[in-house]
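Trainee: Sharing query_13.txt here; it has compact mmCIF, C-alpha atoms.
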```
# COMPACT_ATOMS: atom_id res chain seq x y z
CA MET A 1 0.00 0.00 0.00
CA GLN A 2 0.97 3.61 -0.43
CA ASN A 3 0.93 4.02 3.36
CA ASN A 4 3.64 1.41 3.93
CA SER A 5 6.07 3.01 1.48
CA ASN A 6 5.58 6.38 3.14
CA ILE A 7 6.21 4.84 6.54
CA SER A 8 9.43 3.20 5.26
CA ILE A 9 10.73 6.54 4.04
CA PHE A 10 10.18 8.19 7.38
CA VAL A 11 11.71 5.27 9.29
CA THR A 12 14.86 5.68 7.20
CA GLU A 13 15.02 9.39 7.93
CA MET A 14 14.76 8.63 11.65
CA ASN A 15 18.26 7.17 11.48
CA PHE A 16 19.53 10.72 10.96
CA VAL A 17 17.33 12.97 13.06
CA MET A 18 15.24 10.74 15.27
CA LYS A 19 13.18 13.28 17.10
CA GLN A 20 12.40 15.48 14.14
CA SER A 21 11.47 12.58 11.88
CA LEU A 22 9.35 10.94 14.53
CA PHE A 23 7.38 14.15 14.87
CA ILE A 24 6.86 14.27 11.09
CA PHE A 25 5.95 10.62 11.02
CA LEU A 26 3.23 11.06 13.63
CA ILE A 27 1.72 13.96 11.70
CA ILE A 28 1.69 12.06 8.40
CA PHE A 29 0.36 8.89 10.00
CA SER A 30 -2.49 10.75 11.68
CA TYR A 31 -3.41 12.16 8.26
CA LEU A 32 -3.12 8.91 6.33
CA SER A 33 -4.97 6.67 8.80
CA PRO A 34 -8.40 8.22 8.36
CA LYS A 35 -7.82 8.48 4.61
CA CYS A 36 -7.08 4.78 4.47
CA ALA A 37 -10.24 4.05 6.41
CA GLU A 38 -12.21 6.27 4.04
CA ILE A 39 -10.86 4.51 0.97
CA GLN A 40 -12.04 1.20 2.33
CA GLY A 41 -15.56 2.61 2.47
CA LYS A 42 -18.43 1.22 4.47
CA ASN A 43 -18.42 -2.39 5.63
CA PRO A 44 -20.55 -4.19 3.01
CA THR A 45 -21.98 -6.45 5.71
CA PRO A 46 -22.83 -4.10 8.59
CA SER A 47 -23.69 -5.63 11.94
CA PHE A 48 -27.18 -5.87 13.30
CA GLN A 49 -26.45 -3.07 15.76
CA ASP A 50 -25.13 -0.79 12.99
CA GLU A 51 -28.51 -0.95 11.25
CA SER A 52 -30.55 -0.18 14.34
CA LYS A 53 -30.44 3.60 13.90
CA VAL A 54 -30.82 5.98 10.99
CA SER A 55 -28.36 8.56 12.26
CA ILE A 56 -26.55 9.72 9.11
CA VAL A 57 -28.34 10.67 5.89
CA VAL A 58 -26.69 11.92 2.71
CA ILE A 59 -28.81 14.18 0.50
CA ASP A 60 -27.65 14.40 -3.09
CA ALA A 61 -28.84 17.34 -5.19
CA GLY A 62 -28.44 16.15 -8.79
CA HIS A 63 -26.31 17.91 -11.40
CA GLY A 64 -24.74 21.30 -10.56
CA GLY A 65 -22.06 23.64 -11.86
CA LYS A 66 -21.28 23.03 -15.52
CA ASP A 67 -24.04 20.40 -15.60
CA PRO A 68 -27.41 22.20 -15.46
CA GLY A 69 -29.49 19.05 -15.91
CA ALA A 70 -32.82 19.61 -17.66
CA VAL A 71 -33.41 23.20 -18.76
CA VAL A 72 -36.71 24.68 -19.93
CA GLY A 73 -36.85 28.45 -20.14
CA THR A 74 -35.82 29.82 -16.75
CA ALA A 75 -36.23 26.45 -15.07
CA ARG A 76 -32.94 24.68 -14.44
CA GLU A 77 -32.98 21.29 -12.80
CA LYS A 78 -29.78 21.91 -10.85
CA ASP A 79 -31.27 24.95 -9.09
CA ILE A 80 -34.63 23.36 -8.32
CA VAL A 81 -33.23 20.17 -6.83
CA LEU A 82 -30.62 22.03 -4.79
CA ASP A 83 -33.32 24.08 -3.12
CA ILE A 84 -35.42 20.98 -2.44
CA SER A 85 -32.37 19.23 -0.98
CA LEU A 86 -31.54 22.10 1.36
CA LYS A 87 -35.16 22.33 2.50
CA LEU A 88 -35.24 18.58 3.12
CA GLY A 89 -32.04 18.78 5.16
CA ALA A 90 -33.45 21.65 7.21
CA TYR A 91 -36.60 19.65 7.98
CA ILE A 92 -34.54 16.66 9.14
CA LYS A 93 -32.20 18.77 11.27
CA GLY A 94 -35.11 20.60 12.85
CA SER A 95 -36.99 17.46 13.85
CA PHE A 96 -34.06 15.10 14.49
CA PRO A 97 -31.12 17.10 15.88
CA GLY A 98 -29.32 13.83 16.60
CA THR A 99 -29.36 12.87 12.92
CA LYS A 100 -26.40 14.08 10.87
CA VAL A 101 -27.26 15.50 7.46
CA ILE A 102 -24.56 15.57 4.79
CA TYR A 103 -24.99 17.21 1.38
CA THR A 104 -23.06 16.06 -1.66
CA ARG A 105 -23.32 19.70 -2.68
CA ASP A 106 -24.87 22.67 -0.91
CA LYS A 107 -24.14 25.18 -3.66
CA ASP A 108 -23.91 25.38 -7.44
CA ILE A 109 -20.84 23.22 -8.08
CA PHE A 110 -20.15 20.19 -10.27
CA VAL A 111 -19.72 16.91 -8.37
CA PRO A 112 -18.85 13.72 -10.33
CA LEU A 113 -21.19 10.78 -9.87
CA TYR A 114 -18.54 8.58 -8.29
CA ARG A 115 -17.73 11.32 -5.81
CA ARG A 116 -21.37 11.55 -4.67
CA ALA A 117 -21.43 7.88 -3.74
CA GLU A 118 -17.96 8.18 -2.26
CA ILE A 119 -19.17 10.92 0.10
CA ALA A 120 -21.95 8.65 1.34
CA ASN A 121 -19.70 5.61 1.74
CA ARG A 122 -16.93 7.49 3.54
CA SER A 123 -19.47 9.07 5.86
CA ASP A 124 -20.74 5.60 6.81
CA ALA A 125 -24.20 6.89 5.93
CA ASP A 126 -27.36 4.98 6.80
CA LEU A 127 -29.35 6.42 3.90
CA PHE A 128 -28.73 8.07 0.53
CA ILE A 129 -31.37 10.22 -1.18
CA SER A 130 -30.63 11.62 -4.64
CA ILE A 131 -33.04 14.29 -5.89
CA HIS A 132 -33.69 15.14 -9.55
CA ALA A 133 -36.31 16.55 -11.89
CA ASN A 134 -37.29 14.87 -15.15
CA TYR A 135 -37.74 15.86 -18.80
CA VAL A 136 -39.23 14.07 -21.81
CA SER A 137 -40.21 15.19 -25.27
CA ALA A 138 -43.88 14.33 -24.69
CA ARG A 139 -45.20 17.45 -22.96
CA SER A 140 -48.24 15.66 -21.51
CA VAL A 141 -46.22 13.35 -19.25
CA GLN A 142 -46.29 14.36 -15.59
CA GLY A 143 -45.92 13.02 -12.06
CA ALA A 144 -43.31 12.04 -9.48
CA GLU A 145 -41.49 8.73 -9.36
CA THR A 146 -38.84 7.17 -7.16
CA PHE A 147 -36.20 4.74 -8.38
CA VAL A 148 -34.19 2.02 -6.71
CA LEU A 149 -31.23 0.23 -8.21
CA GLY A 150 -31.92 -2.63 -10.61
CA GLN A 151 -32.63 -3.68 -14.15
CA HIS A 152 -35.06 -1.42 -16.01
CA ARG A 153 -38.46 -2.95 -16.74
CA SER A 154 -39.34 -0.58 -19.56
CA GLU A 155 -37.67 1.60 -22.15
CA ASP A 156 -38.92 4.67 -20.29
CA ASN A 157 -37.00 3.65 -17.18
CA LEU A 158 -33.92 3.01 -19.29
CA GLU A 159 -34.13 6.45 -20.82
CA VAL A 160 -34.31 8.09 -17.39
CA ALA A 161 -31.20 6.19 -16.31
CA LYS A 162 -29.38 7.12 -19.52
CA LYS A 163 -30.18 10.78 -19.00
CA GLU A 164 -28.96 10.84 -15.42
CA ASN A 165 -25.88 8.71 -16.14
CA SER A 166 -24.83 10.84 -19.13
CA VAL A 167 -23.37 13.37 -16.70
CA ILE A 168 -20.24 11.22 -16.55
CA LEU A 169 -19.40 12.45 -20.06
CA LEU A 170 -18.52 15.77 -18.41
CA GLU A 171 -15.97 14.09 -16.15
CA ASP A 172 -12.29 13.66 -16.94
CA ASN A 173 -11.22 10.07 -17.64
CA TYR A 174 -14.78 8.83 -17.25
CA SER A 175 -14.09 5.71 -19.31
CA THR A 176 -11.45 4.60 -16.82
CA THR A 177 -13.41 5.66 -13.74
CA TYR A 178 -16.54 3.77 -14.77
CA GLU A 179 -14.76 0.82 -16.41
CA ASP A 180 -15.74 1.61 -20.03
CA PHE A 181 -19.39 2.07 -19.11
CA ASP A 182 -21.18 3.86 -21.96
CA PRO A 183 -24.23 5.71 -20.58
CA ASN A 184 -25.82 5.86 -24.04
CA SER A 185 -25.43 2.17 -24.88
CA SER A 186 -28.24 -0.19 -23.93
CA GLU A 187 -25.70 -3.02 -23.72
CA SER A 188 -23.96 -1.31 -20.80
CA TYR A 189 -27.10 -1.70 -18.72
CA ILE A 190 -27.15 -5.48 -18.98
CA MET A 191 -24.78 -5.50 -16.00
CA PHE A 192 -27.57 -4.25 -13.74
CA GLU A 193 -29.58 -7.40 -14.42
CA MET A 194 -27.10 -9.39 -12.33
CA ILE A 195 -27.02 -6.98 -9.40
CA GLN A 196 -28.41 -8.31 -6.14
CA ASP A 197 -28.58 -5.30 -3.85
CA GLU A 198 -28.55 -6.36 -0.19
CA TYR A 199 -30.27 -3.08 0.65
CA LEU A 200 -33.04 -3.45 -1.93
CA GLU A 201 -35.76 -4.23 0.62
CA GLN A 202 -35.03 -1.09 2.66
CA SER A 203 -34.65 1.01 -0.49
CA VAL A 204 -38.01 -0.14 -1.81
CA MET A 205 -39.59 0.56 1.58
CA LEU A 206 -38.36 4.17 1.53
CA ALA A 207 -39.27 4.63 -2.13
CA SER A 208 -42.80 3.38 -1.50
CA VAL A 209 -43.33 5.74 1.43
CA ILE A 210 -41.97 8.65 -0.62
CA GLN A 211 -44.48 7.92 -3.36
CA ASP A 212 -47.27 7.72 -0.77
CA GLN A 213 -46.33 11.15 0.54
CA PHE A 214 -46.05 12.64 -2.95
CA ARG A 215 -49.57 11.47 -3.63
CA GLU A 216 -51.10 12.40 -0.29
CA VAL A 217 -49.14 15.50 0.81
CA ALA A 218 -47.89 17.13 -2.37
CA LYS A 219 -50.89 15.94 -4.43
CA ARG A 220 -48.60 14.78 -7.22
CA TYR A 221 -49.52 12.21 -9.83
CA ASP A 222 -48.02 8.95 -8.55
CA ARG A 223 -45.81 7.28 -11.16
CA SER A 224 -44.87 4.57 -8.64
CA VAL A 225 -41.62 2.95 -7.54
CA LYS A 226 -39.36 1.76 -10.36
CA GLN A 227 -36.01 0.11 -10.96
CA ALA A 228 -33.26 1.28 -13.27
CA GLY A 229 -29.49 1.23 -13.60
CA PHE A 230 -28.27 4.46 -12.01
CA LEU A 231 -24.52 4.60 -11.55
CA VAL A 232 -24.80 6.80 -8.47
CA LEU A 233 -26.95 4.16 -6.74
CA ARG A 234 -24.74 1.29 -7.86
CA GLU A 235 -21.77 2.70 -5.99
CA THR A 236 -23.47 3.32 -2.65
CA THR A 237 -23.28 0.82 0.21
CA MET A 238 -26.49 1.66 2.05
CA PRO A 239 -30.22 1.89 1.27
CA SER A 240 -30.48 4.40 -1.60
CA VAL A 241 -33.16 5.98 -3.74
CA LEU A 242 -33.26 8.43 -6.63
CA VAL A 243 -36.26 10.77 -6.67
CA GLU A 244 -37.60 12.37 -9.84
CA ALA A 245 -39.72 15.15 -8.33
CA GLY A 246 -41.59 16.05 -11.50
CA PHE A 247 -41.32 16.86 -15.21
CA LEU A 248 -39.94 20.23 -16.27
CA SER A 249 -41.31 19.42 -19.71
CA HIS A 250 -44.87 19.63 -18.33
CA GLN A 251 -45.93 23.25 -18.04
CA SER A 252 -48.02 23.15 -14.87
CA GLU A 253 -45.56 20.84 -13.14
CA ARG A 254 -42.69 23.10 -14.16
CA ASN A 255 -44.50 26.08 -12.66
CA TYR A 256 -45.11 24.05 -9.51
CA LEU A 257 -41.41 23.23 -9.13
CA LEU A 258 -40.46 26.84 -9.84
CA SER A 259 -42.69 28.02 -6.99
CA GLU A 260 -41.42 28.24 -3.41
CA SER A 261 -44.48 26.43 -2.10
CA GLY A 262 -44.13 23.65 -4.66
CA ARG A 263 -40.52 22.94 -3.76
CA ASP A 264 -41.38 23.08 -0.08
CA ASN A 265 -44.19 20.57 -0.58
CA ILE A 266 -41.80 18.20 -2.33
CA ALA A 267 -39.20 18.57 0.42
CA ASN A 268 -41.82 18.11 3.13
CA SER A 269 -43.16 14.99 1.42
CA ILE A 270 -39.70 13.41 1.30
CA PHE A 271 -39.12 14.42 4.92
CA LYS A 272 -42.34 12.77 6.07
CA ALA A 273 -41.28 9.64 4.21
CA PHE A 274 -37.85 9.79 5.86
CA LYS A 275 -39.52 10.17 9.25
CA GLU A 276 -41.70 7.10 8.65
CA TYR A 277 -38.77 5.09 7.28
CA LYS A 278 -36.65 6.01 10.30
CA ARG A 279 -39.45 4.97 12.65
CA ARG A 280 -39.90 1.61 10.94
CA ILE A 281 -36.19 0.79 10.82
CA GLU A 282 -35.49 1.79 14.40
CA GLU A 283 -38.61 0.12 15.76
CA LYS A 284 -37.79 -3.00 13.82
CA SER A 285 -34.20 -3.11 15.07
CA SER A 286 -34.62 -1.90 18.65
CA PHE A 287 -35.31 -5.28 20.21
CA ASN A 288 -35.75 -4.81 23.96
CA LEU A 289 -35.61 -8.15 25.70
CA VAL A 290 -38.15 -8.29 28.53
CA THR A 291 -39.49 -10.75 31.07
CA ASN A 292 -42.88 -10.68 32.67
CA PRO A 293 -42.90 -9.90 36.40
CA GLU A 294 -44.82 -13.06 37.23
CA GLU A 295 -42.22 -15.29 35.58
CA LYS A 296 -39.98 -17.02 38.13
CA PRO A 297 -36.36 -17.96 37.36
CA VAL A 298 -35.52 -21.58 36.64
CA VAL A 299 -32.36 -22.58 38.49
CA HIS A 300 -30.05 -25.11 36.86
CA ASN A 301 -27.31 -26.24 39.20
CA GLU A 302 -26.23 -29.09 36.97
CA LYS A 303 -26.94 -30.63 33.60
CA LYS A 304 -30.49 -31.88 33.51
CA GLU A 305 -30.92 -33.34 30.08
CA ASN A 306 -33.88 -35.39 31.22
CA SER A 307 -35.71 -32.67 33.16
CA ASN A 308 -38.70 -30.92 31.65
CA THR A 309 -38.43 -33.14 28.61
CA ALA A 310 -41.98 -34.30 28.43
CA SER A 311 -43.47 -34.10 24.96
CA ASN A 312 -45.34 -30.94 25.91
CA SER A 313 -42.29 -29.16 27.40
CA TYR A 314 -39.22 -27.67 25.75
CA TYR A 315 -36.51 -25.07 26.06
CA SER A 316 -36.05 -22.18 23.65
CA VAL A 317 -33.95 -19.02 23.32
CA GLN A 318 -35.64 -15.64 23.42
CA VAL A 319 -33.89 -13.23 21.05
CA ALA A 320 -36.19 -10.22 20.97
CA ALA A 321 -39.33 -8.50 22.16
CA THR A 322 -41.10 -5.64 20.41
CA ARG A 323 -44.29 -3.68 20.77
CA ARG A 324 -44.90 -3.81 17.02
CA SER A 325 -45.47 -7.19 15.44
CA LEU A 326 -42.73 -8.29 13.03
CA ASP A 327 -42.79 -10.94 10.36
CA THR A 328 -40.49 -13.80 11.40
CA LYS A 329 -38.79 -13.89 8.00
CA PRO A 330 -34.97 -14.21 8.10
CA SER A 331 -34.34 -10.65 6.87
CA ASN A 332 -35.87 -9.33 10.10
CA PHE A 333 -33.66 -11.49 12.32
CA ASN A 334 -30.13 -11.42 10.92
CA GLY A 335 -30.80 -14.31 8.57
CA GLU A 336 -32.14 -16.70 11.25
CA LYS A 337 -34.67 -19.07 9.69
CA ASN A 338 -36.16 -20.80 12.74
CA ILE A 339 -37.69 -17.86 14.58
CA PHE A 340 -41.18 -18.20 16.00
CA LYS A 341 -43.34 -15.63 17.77
CA ILE A 342 -45.51 -15.63 20.89
CA ASN A 343 -47.79 -12.70 21.70
CA THR A 344 -48.11 -11.73 25.37
CA GLY A 345 -50.49 -8.82 25.66
CA LYS A 346 -48.96 -5.80 23.94
CA ILE A 347 -45.52 -7.42 23.65
CA HIS A 348 -44.48 -9.69 20.79
CA LYS A 349 -41.70 -12.09 21.77
CA TYR A 350 -39.45 -13.96 19.38
CA TYR A 351 -37.69 -17.27 19.98
CA SER A 352 -35.23 -19.55 18.23
CA GLY A 353 -35.50 -23.32 18.39
CA LYS A 354 -37.29 -25.89 20.53
CA PHE A 355 -35.01 -28.17 22.55
CA GLU A 356 -35.59 -31.10 24.88
CA SER A 357 -32.08 -30.73 26.27
CA TYR A 358 -31.10 -27.73 28.37
CA ASP A 359 -27.53 -28.06 27.09
CA ASP A 360 -28.78 -27.82 23.52
CA ALA A 361 -30.54 -24.58 24.44
CA VAL A 362 -27.30 -23.28 25.98
CA ALA A 363 -25.46 -24.11 22.75
CA GLU A 364 -28.13 -22.31 20.73
CA ARG A 365 -27.84 -19.24 22.94
CA LYS A 366 -24.05 -19.20 22.51
CA ARG A 367 -24.46 -19.51 18.74
CA LEU A 368 -26.85 -16.55 18.66
CA GLN A 369 -24.92 -14.35 21.06
CA GLY A 370 -23.01 -12.57 18.31
CA LYS A 371 -26.29 -11.49 16.69
CA PHE A 372 -28.44 -11.03 19.80
CA LYS A 373 -26.14 -10.31 22.72
CA ASP A 374 -28.95 -10.29 25.31
CA ALA A 375 -30.54 -13.57 24.24
CA PHE A 376 -31.58 -15.88 27.09
CA ILE A 377 -33.11 -19.30 27.68
CA VAL A 378 -36.80 -19.87 28.47
CA VAL A 379 -39.01 -22.86 29.23
CA PHE A 380 -42.34 -23.69 27.61
CA GLU A 381 -45.06 -26.10 28.73
CA ASP A 382 -47.97 -26.71 26.41
CA ASP A 383 -46.64 -23.87 24.25
CA LYS A 384 -46.97 -21.45 27.15
CA LEU A 385 -44.05 -19.63 28.68
CA VAL A 386 -43.81 -20.78 32.30
CA SER A 387 -40.45 -19.45 33.46
CA VAL A 388 -37.33 -17.61 32.39
CA LYS A 389 -33.67 -17.90 33.25
CA LYS A 390 -31.15 -15.39 31.92
CA ILE A 391 -27.82 -17.12 31.46
CA GLN A 392 -24.71 -15.11 32.34
```
Once you've parsed the file, please lay out its structure as structure tokens.
Mentor:
Amino acid sequence: MQNNSNISIFVTEMNFVMKQSLFIFLIIFSYLSPKCAEIQGKNPTPSFQDESKVSIVVIDAGHGGKDPGAVVGTAREKDIVLDISLKLGAYIKGSFPGTKVIYTRDKDIFVPLYRRAEIANRSDADLFISIHANYVSARSVQGAETFVLGQHRSEDNLEVAKKENSVILLEDNYSTTYEDFDPNSSESYIMFEMIQDEYLEQSVMLASVIQDQFREVAKRYDRSVKQAGFLVLRETTMPSVLVEAGFLSHQSERNYLLSESGRDNIANSIFKAFKEYKRRIEEKSSFNLVTNPEEKPVVHNEKKENSNTASNSYYSVQVAATRRSLDTKPSNFNGEKNIFKINTGKIHKYYSGKFESYDDAVAERKRLQGKFKDAFIVVFEDDKLVSVKKIQ
């Protein structure tokens, strides 16, 4: 690595002037260490705890600087989406002061596509929202739509991706940067057919809520959630969406986006969707393990493989408890496939496995400890929880 060669140089210099070179070395190392961490980007397989909060959001105002985006009369896409982005950020900061908002641009400058994703990855962002406005030759087309990464299902979706990706032609050495990707060639988009985005489920969730808010709050025509091959989404390592807030080619929609109230309605709609997404993600991930007051501990002083092993009794491992009911599908429980749920009043409890042997339950708890650090063993009789013992 580059870092190692630099370190070798400074170590050599230390043979001559130890104190001075050591001082220089420490300065350089402190500079290079975070850069190295940034280059590595975000861990592609974040831990369960890392996904429990939506604390960093990157807002990407499309185009900018020498790239105006769509232009119709006095309406320039780059100006409209920048204002929407800043309004959205202000809404988030005002309601969630603990959430960090990062802009890929907060003024009229040109930012390459790869750099936009790089900003999000290096920031270890939990969410990436790219905001654009659309244009087509058919002046009757209108409405708002939100895209997630994937293979286009129609030529219209492909054309939107081509338009947004064509900005790379303004970048230096774009062919090298994007590995000979040609934004105007349909063949280049075949690659997106093979993409399996691990964040697709969360991205679709956010996109769907955004479309709901566009329809209900901003009173926009709902063009639904769609998939297409956007380079800026391909490079991000977190749930990501690309919003097309409306068509500048449609006169009334253009006037709407040029108005202060129109842009504010769009920003407010996306904010309300963000708020709902954040609630769902954090409620889904904030598993608070609880025990009922009436439940008495079960004391195990020795191995009792034959105790409580009647056909109607078994041990299990409680991994979570939530107030909101969750589907027991693996994606909700770190890939675990054998989760079952028991409702106790307003609390929904989730368990893994049914074991006749207490030792088997202990082994299961140890296996799950990396995913659910507070997991503990429980006892069931006739499918009813009769007692709880938290294992230290």
Trainee: Taking only C-alpha atoms into account, name the residue in A:Val319, A:Asp108, A:Gly335, A:Asp83 that is nearest to A:Asp374.
Mentor: A:Val319
Trainee: When you look at A:Asn343 with a cut-off of 12 Å (counting all atoms listed in the file), what residues show up, excluding the ones that are within fewer than 4 positions of it in the same chain? I need them as a ChimeraX atom specification.
Mentor: /A:320-326,347-351,383-385
Trainee: Tell me which of A:Ser140, A:Ser316, A:Ser224, A:Ser240 sits closest to A:Val57, counting only C-alpha atoms.
Mentor: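 Closest residue, counting only C-alpha atoms: A:Ser240.
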Trainee: Quick one: distance from atom CA of A:Ile92 to atom CA of A:Ser261 in Å, one decimal?
Mentor: 17.9 Å
Trainee: Quick one: of A:Leu258, A:Ile342, A:Ile266, A:Leu82, who's nearest to A:Gly65, counting only C-alpha atoms?
Mentor: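 Checking each candidate against A:Gly65, we get A:Leu82 as the closest.
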